[in-house]
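Let me begin by presenting the structure, written as structure tokens, before commenting on it.
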Amino acid sequence: MTLKLLPFKPAGALLTPGAGSGREHPTLCAVDSALEARGVPVLRIDFPYRLAGRRAPDRPAVLIEAVREAAGGLADELNVGPERLILGGRSMGGRICSLSVALGLPCAGLLLVSYPLHPPGRPERLRTEHFGQIDVPCLFISGDRDAFGSPSELEAATVSITGPVDHVWIAGADHSLRNRDAEVAAIAASWLPDV
């Protein structure tokens with residue numbers, strides 16, 4: 001596996017969860033540990049609906065604003081601009097980060113784990129309308145049996161992203177990537193340059 005490394009070591013990373021989980025999701029925790037071990041501070045957040053004890057996700061605008069606020073707060077804490085941060089997360093969280101970037105939020109790169117390309121069984125309902133507005137490096141890590149998007153579907157969809165794009169496929173894994181956290185974390189860490 002040879003990745004197009006980020007052009008510089010990011011100053012920090014913001015990680016966001018999927019729709020049915022929170023900031024303590026095992027994959028996010030594993031990626032957090034791997035990035036911290038490489039000297040990159042990580043902030044994992046919960047979205048507002050989760051903090052309020054609700055199950056149904058907020059409207060995209062609310063989720064996007066939560067990402068913008070968290071990225072701004074982390075950038076301020078680290079005394080850098082948001083363009084020095086990696087943004088990303090699992091499933092819906094990664095998608096919301098990608099929407100935020102398409103709408104103008106600067107970042108160093110997008111780390112998208114189990115990107116939900118379309119609802120299972122609904123390949124015509126692609127969640128890609130914003131891909132053409134993304135011009136930062138993107139790393140997609142997905143199972144090769146993900147019902148939310150097959151390797152061929154996701155690779156075809158991401159050609160409209162103008163930044164460098166890498167795909168890493170976890171053999172035999174579905175959307176949950178269950179019991180594959182160490183692999184996902186190692187891949188994420190390997191995307192970082194040494195300097």
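Letters for chains follow the order of the structure tokens (A, B, ...), residue numbers begin at 1 for each chain, and ligand numbers begin at 1 in the order shown.
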
Quick one: residues within 9 Å of Arg44 in chain A, only C-alpha atoms counted, chain neighbours fewer than 5 positions away excluded, as an NGL selection string? :A and (13-17 or 22-24 or 28-29 or 32 or 89)

Can you tell me, as a list in words, what residues are no more than 10 Å from Pro7 in chain A when counting only C-alpha atoms, ignoring any on the same chain fewer than 6 positions away? Ala108, Gly109, Pro137, Trp191, Leu192, Pro193 and Val195 of chain A

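Between Glu36 in chain A and the residues A:Pro119, A:Pro151, A:Pro10, A:Gly53, the shortest atom-to-atom distance, using only C-alpha atoms, involves A:Pro10.
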
Just the residues within 10 Å of range 49-51 of chain A, please, counting only C-alpha atoms, with nothing from its chain fewer than 2 positions along; format it as number ranges by chain. A: 19-23, 45-47, 53-59, 62-63

Using only C-alpha atoms, please write the residues we just selected to a file, as a PDB file, in the first residue's frame.
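Below is the file that was written, again-v8.pdb:
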```
ATOM      1  CA  ALA A  19     -25.092   8.586  12.829  1.00  0.00           C
ATOM      2  CA  GLY A  20     -25.651   5.775  15.335  1.00  0.00           C
ATOM      3  CA  SER A  21     -22.599   6.237  17.518  1.00  0.00           C
ATOM      4  CA  GLY A  22     -20.642   8.805  19.463  1.00  0.00           C
ATOM      5  CA  ARG A  23     -17.135  10.068  20.034  1.00  0.00           C
ATOM      6  CA  ILE A  45     -16.686  15.245  19.129  1.00  0.00           C
ATOM      7  CA  ASP A  46     -20.309  14.268  19.505  1.00  0.00           C
ATOM      8  CA  PHE A  47     -22.891  16.010  17.335  1.00  0.00           C
ATOM      9  CA  GLY A  53     -29.813  12.497  24.056  1.00  0.00           C
ATOM     10  CA  ARG A  54     -31.647  12.179  20.737  1.00  0.00           C
ATOM     11  CA  ARG A  55     -31.188   9.309  18.277  1.00  0.00           C
ATOM     12  CA  ALA A  56     -32.134  11.042  15.036  1.00  0.00           C
ATOM     13  CA  PRO A  57     -29.362  13.161  13.497  1.00  0.00           C
ATOM     14  CA  ASP A  58     -29.770  16.904  13.168  1.00  0.00           C
ATOM     15  CA  ARG A  59     -30.274  18.560   9.789  1.00  0.00           C
ATOM     16  CA  VAL A  62     -26.653  21.931  12.106  1.00  0.00           C
ATOM     17  CA  LEU A  63     -24.080  19.143  11.737  1.00  0.00           C
TER      18      LEU A  63
END
```

Applying 7 Å and only C-alpha atoms, which residues near Asp174 in chain A remain after dropping the ones on its own chain fewer than 2 positions away? List them as a PyMOL selection string. chain A and resi 143-147+172+176-177

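Remark: for Gly149 in chain A, the closest of the candidate residues A:Ser190, A:Thr128, A:Asn79, A:Gln133 is A:Thr128 (distances computed over only C-alpha atoms).
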
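What separates CA of Phe140 in chain A from CA of Lys9 in chain A is a distance of 18.2 Å.
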
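Those residues of range 73-157 of chain A that DSSP, working from the backbone, places in strand (DSSP E or B) are Leu85, Ile86, Leu87, Gly88, Gly89, Arg90, Gly109, Leu110, Leu111, Leu112, Val113, Cys138, Leu139, Phe140, Ile141, Ser142 and Gly143 of chain A.
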